[in-house]
Amino acid sequence: MMVGDEMRLSGTCGHILEIALLAAVPLVMGAALLTGAANAALLMMVVVTLVLVLFFLGYERSQPALRQIMPTLVLAACAAAGRILFAPIPDFKPLSAIAIIAGATLGPRNGFMVGALAALTSNFFFGQGLWSPWQMYAWGVVGYVGGMLARSGVFDDRTAGRPRVWALVLMGLASGALYGVIINAYGVLGFVRPLTWQGALAYVAASLPFDAMHGVATALFLAVLYGPWTRRIGRVVRKYGL
């Protein structure tokens, strides 16, 4: 087997393991709800924290060079700063859009890292708590999914040489729903007592306006930022062989 083939195989296996790791959270959550497991909230907190730790350890074990880490850290800082800057407007934030852009330009793994790190660092301003690991996971998943879709060519019309704005808008709206599902699951498991379908539906219904605002904001930020940011980041990636 050629060296290039070995690297591609290793990369494919890595992505499969990452997807399996990220999928562990909804799978365990579903099992806990179906079986009515006692202390489901505590169980899920342990699982989501373990997934984050393992993902970060996997990223560290890949031993990225400093020049590979810097774009990820810069985008995470921009995402965190953007969340703080738009703090007066509830759920109108560029964080999801920047995580998706990171995933599209630097790969799904880095998209996850940007989303997770931005959530962690910006929460030093908004406040850390039991919700922090869930926000890190949720925004990380948004960045990872964005990276996977970009890799499959969904966002870019290579023939015309420009982004597909309609695809970006749909992704933005879907990201609000994806983030909302994860955070609402945390809220239902942690705060709805007694845990009933009626209580869970009422909790989700109350969050719908905020999730909708999140999706609309992400769609707008993607439509504006995706083209110019991906071109500039792409030049950095090509120049330094990232």
# chains A, B, ... in the order shown; residues from 1 in each chain; ligands from 1

call {"tool": "select_by_dssp", "arguments": {"residues": "segment 65-177 of chain A", "states": "strand (DSSP E or B)", "output": "ChimeraX atom specification"}}
result
/A:156-157,162-163

call {"tool": "write_last_selection", "arguments": {"atoms": "C-alpha atoms", "output": "mmCIF file, in the first residue's frame"}}
result
data_model
loop_
_atom_site.group_PDB
_atom_site.id
_atom_site.type_symbol
_atom_site.label_atom_id
_atom_site.label_comp_id
_atom_site.auth_asym_id
_atom_site.auth_seq_id
_atom_site.Cartn_x
_atom_site.Cartn_y
_atom_site.Cartn_z
ATOM 1 C CA ASP A 156 -19.857 25.329 -3.158
ATOM 2 C CA ASP A 157 -20.783 25.490 -6.827
ATOM 3 C CA ARG A 162 -19.159 30.676 -5.938
ATOM 4 C CA PRO A 163 -21.033 29.430 -2.876
#

call {"tool": "select_by_dssp", "arguments": {"residues": "segment 67-241 of chain A", "states": "helix (DSSP H, G or I)", "output": "VMD selection string"}}
result
chain A and resid 67 to 85 95 to 106 108 to 126 131 to 151 165 to 191 197 to 240

call {"tool": "atom_distance", "arguments": {"atom1": "atom CA of Ser132 of chain A", "atom2": "atom CA of Leu54 of chain A"}}
result
16.4 Å

call {"tool": "atom_distance", "arguments": {"atom1": "atom CA of Leu50 of chain A", "atom2": "atom CA of Gly82 of chain A"}}
result
27.7 Å

call {"tool": "residues_around", "arguments": {"residues": "segment 17-30 of chain A", "least_positions_apart": "3", "cutoff": "8 Å", "atoms": "only C-alpha atoms", "output": "PyMOL selection string"}}
result
chain A and resi 13-14+33-34+40+44+47-48+51+55+141

call {"tool": "residues_around", "arguments": {"residues": "Arg109 of chain A", "least_positions_apart": "5", "cutoff": "9 Å", "atoms": "only C-alpha atoms", "output": "ChimeraX atom specification"}}
result
/A:15,18,55,59,103,114,140,143-144,147

call {"tool": "atom_distance", "arguments": {"atom1": "atom CA of Trp229 of chain A", "atom2": "atom CA of Pro108 of chain A"}}
result
16.4 Å

call {"tool": "closest_residue", "arguments": {"among": "A:Ala219, A:Ala116, A:Leu208, A:Val142", "to": "Val169 of chain A", "atoms": "only C-alpha atoms"}}
result
A:Ala219

call {"tool": "closest_atom_pairs", "arguments": {"of": "segment 108-164 of chain A", "to": "segment 177-187 of chain A", "cutoff": "8 Å", "atoms": "only C-alpha atoms", "output": "tab-separated table"}}
result
residue	atom	partner	partner_atom	distance
A:Trp131	CA	A:Tyr186	CA	7.8
A:Trp134	CA	A:Ile183	CA	6.5
A:Gln135	CA	A:Ile183	CA	7.0
A:Ala138	CA	A:Tyr179	CA	5.3
A:Trp139	CA	A:Tyr179	CA	6.7
A:Val142	CA	A:Tyr179	CA	7.0

call {"tool": "write_last_selection", "arguments": {"atoms": "C-alpha atoms", "output": "mmCIF file, in the first residue's frame"}}
result
data_model
loop_
_atom_site.group_PDB
_atom_site.id
_atom_site.type_symbol
_atom_site.label_atom_id
_atom_site.label_comp_id
_atom_site.auth_asym_id
_atom_site.auth_seq_id
_atom_site.Cartn_x
_atom_site.Cartn_y
_atom_site.Cartn_z
ATOM 1 C CA TRP A 131 -24.832 23.751 30.646
ATOM 2 C CA TRP A 134 -23.724 20.667 26.469
ATOM 3 C CA GLN A 135 -23.119 23.962 24.682
ATOM 4 C CA ALA A 138 -23.824 21.259 20.546
ATOM 5 C CA TRP A 139 -21.737 23.966 18.860
ATOM 6 C CA VAL A 142 -22.730 22.087 14.311
#

call {"tool": "residues_around", "arguments": {"residues": "segment 89-101 of chain A", "least_positions_apart": "4", "cutoff": "7 Å", "atoms": "only C-alpha atoms", "output": "number ranges by chain"}}
result
A: 75, 79-80, 82-83, 105, 111, 114-115, 139, 142-143, 146-147, 210, 213-214, 217-218, 221-222, 226, 230

call {"tool": "closest_residue", "arguments": {"among": "A:Val46, A:Met171, A:Val165, A:Ala160", "to": "Val145 of chain A", "atoms": "only C-alpha atoms"}}
result
A:Met171

call {"tool": "residues_around", "arguments": {"residues": "Val154 of chain A", "least_positions_apart": "3", "cutoff": "7 Å", "atoms": "only C-alpha atoms", "output": "VMD selection string"}}
result
chain A and resid 149 to 150 167

call {"tool": "write_last_selection", "arguments": {"atoms": "N, CA and C atoms", "output": "PDB file, in the first residue's frame"}}
result
ATOM      1  N   LEU A 149     -20.560  18.381   5.410  1.00  0.00           N
ATOM      2  CA  LEU A 149     -21.361  18.787   4.252  1.00  0.00           C
ATOM      3  C   LEU A 149     -20.518  19.564   3.247  1.00  0.00           C
ATOM      4  N   ALA A 150     -19.629  20.423   3.748  1.00  0.00           N
ATOM      5  CA  ALA A 150     -18.748  21.168   2.845  1.00  0.00           C
ATOM      6  C   ALA A 150     -17.830  20.214   2.094  1.00  0.00           C
ATOM      7  N   ALA A 167     -28.000  26.789  -0.157  1.00  0.00           N
ATOM      8  CA  ALA A 167     -27.525  25.705   0.701  1.00  0.00           C
ATOM      9  C   ALA A 167     -27.034  26.249   2.037  1.00  0.00           C
TER      10      ALA A 167
END

call {"tool": "closest_residue", "arguments": {"among": "A:Ala76, A:Val216, A:Val236, A:Ala104", "to": "Ala174 of chain A", "atoms": "only C-alpha atoms"}}
result
A:Val216

call {"tool": "closest_residue", "arguments": {"among": "A:Gly129, A:Gly107, A:Gly58, A:Gly199", "to": "Arg151 of chain A", "atoms": "only C-alpha atoms"}}
result
A:Gly107

call {"tool": "residues_around", "arguments": {"residues": "Ala87 of chain A", "least_positions_apart": "6", "cutoff": "10 Å", "atoms": "only C-alpha atoms", "output": "PyMOL selection string"}}
result
chain A and resi 81+93+125-126
